[in-house]
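Comments concern the structure below.
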There are 2 protein chains.
Amino acid sequence: MAMKERVRVGGRSARIQAEVHKAVKELQQEADRAELTVPMIAARSGVTPSTIYRRWGDLAELLADVAAERLRPVSDPDDTGAQISDLKAYVEQYAEEFSSPTGRAMLRDIFSSATDATYTGQCCGYTFDHLNVIAGRAKARGEHPIVVQDMVDHVIAPIMYRILFGGGELTEAYWQALLDRAMPATA
Amino acid sequence: MAMKERVRVGGRSARIQAEVHKAVKELQQEADRAELTVPMIAARSGVTPSTIYRRWGDLAELLADVAAERLRPVSDPDDTGAQISDLKAYVEQYAEEFSSPTGRAMLRDIFSSATDATYTGQCCGYTFDHLNVIAGRAKARGEHPIVVQDMVDHVIAPIMYRILFGGGELTEAYWQALLDRAMPATA
């Protein structure tokens, strides 16, 4: 599972990360995003501000890291018994998650980071991982598997564009049509 | 030209906007993004900070407004004599503009705004306007015109996804393949 490689492991460094992330998530519940500061997060997590600056550089980086971590899937996508229903379940969840207020706030945090390639790449990696799992299962079942890059280009990307830029409502009919069009020919 | 509707017009309000935008652009050349403040912009533009807060709400909104304004096309897309070359020129320019450091900084500013729907919608509107002009010309020439929404979903969206999230290089071969695939059948 490629997904597992993205999990950070071990020791003091991991404990600091866990404590600081926890503090950020708690404070995000209690305060407005614009009110969050590094000293506030340091106080809540019991580490010094300089530890946070040394590790994350600035607040934007830290918030992006927390957001990317939240997007890390906790498990493989559900196995519904057929590729088309696996995909439908995944795409539905993707559209719902990122178009929700929480999802939009996470995207904003990820894009605010100056070195955003790390966190956006992480986010994109999860999507490829999920779709690869679905394609691998389809192959094992003897189905004609999706081309993962095609699904990203023609289903995921237009959904994300609509979430970020608008230009139309993100309805089930919309993504279902994208999915139908992008499915490989079964012949 | 639908594009023209997005141009703001007239009076004191327009003058304030022009002065403040000019000050932001100058300061962006001189200072780091993280160093910009509303009082600094107010001083440079000769308006009071409260005028800025009243009009834009906060710094993030102002920066998003400036970025969206910069993305406003100054003219219609070039008429190259055929739909396919009009599209190629437009897509090439779109990919270059948004993947450049300046383009990425503008996207970051647009996404940082809390009420981002205004500015992202503006940005998306320009894209639809451009593609509509290209489709209108193709029709007038007797060509089979593109379906604008299909071009946004299957060419623009995957280019933007790759700029924002990565997952592969944004090469000419990549967007050329998207364009070939999305072109309407000529039969």
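Note on naming: chains are A, B, ... as they come in the structure tokens, residues start from 1 per chain, ligands start from 1 in the order shown.
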
Given only C-alpha atoms, how would the per-residue table for stretch 89-140 of chain B near stretch 165-177 of chain A read, listing every residue at most 12 Å away with its closest atom pair and distance in Å to one decimal, sorted by chain and number, as a tab-separated table?
residue	atom	partner	partner_atom	distance
B:Leu107	CA	A:Phe165	CA	10.7
B:Ile110	CA	A:Phe165	CA	10.0
B:Phe111	CA	A:Phe165	CA	9.4
B:Thr115	CA	A:Phe165	CA	11.9
B:Asp116	CA	A:Phe165	CA	8.6
B:Ala117	CA	A:Phe165	CA	7.1
B:Thr118	CA	A:Phe165	CA	9.2
B:Tyr119	CA	A:Phe165	CA	8.4
B:Thr120	CA	A:Phe165	CA	4.7
B:Gly121	CA	A:Phe165	CA	5.4
B:Gln122	CA	A:Phe165	CA	8.4
B:Cys123	CA	A:Phe165	CA	7.3
B:Cys124	CA	A:Phe165	CA	5.7
B:Gly125	CA	A:Gly167	CA	7.3
B:Tyr126	CA	A:Gly167	CA	10.6
B:Thr127	CA	A:Gly167	CA	9.8
B:Phe128	CA	A:Gly167	CA	8.3
B:Asp129	CA	A:Gly167	CA	11.4

*Within 12 Å of B:Ala34, counting only C-alpha atoms, which residues show up once you throw out same-chain ones fewer than 2 positions away? Write them as a list in words, please.*
Asp58, Leu59, Ala60, Ser112, Ser113 and Ala114 of chain A; Leu27, Gln28, Glu30, Ala31, Asp32, Leu36, Thr37, Val38, Leu59, Ala60, Leu63 and Asp109 of chain B

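Comparing the minimum interatomic distances between chain A and each of B:Arg104, B:Met183, B:Asp78, B:Glu19, counting only C-alpha atoms, we find that B:Arg104 sits nearest.
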
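Distances to A:Arg108 were evaluated for B:Ala185, B:Leu164, B:Ser45, B:Gln93 using only C-alpha atoms, and the minimum falls at B:Leu164.
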
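Nearest residue to A:Val47 among A:His144, A:Lys88, A:His21, A:His154 is A:His21, counting only C-alpha atoms.
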
*Work out how far apart atom CA of A:Arg141 and atom CA of A:Ala95 are and give it in Å to one decimal.*
26.4 Å

_Which residue is closest to chain B? Choose from A:Arg55, A:Asp86, A:Arg33, A:Phe98 and count only C-alpha atoms._
A:Arg33

*From the set B:Ala68, B:Ile146, B:Met40, B:Val91, which residue has the shortest atom-to-atom contact distance to chain A, counting only C-alpha atoms?*
B:Ala68

*Rounded to one decimal in Å, what is the spacing between atom CA of B:Tyr90 and atom CA of B:Asp76?*
10.3 Å

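The spacing separating atom CA of B:Gln149 from atom CA of B:Ile134 amounts to 12.9 Å.
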
*asked:* So that I can see what lies close to B:Gln83, please list as a PyMOL selection string the residues with an atom at most 8 Å from it, counting only C-alpha atoms and leaving out residues fewer than 2 positions away in the same chain.
replied: chain B and resi 80-81+85-87+134-135+137-138+143+145
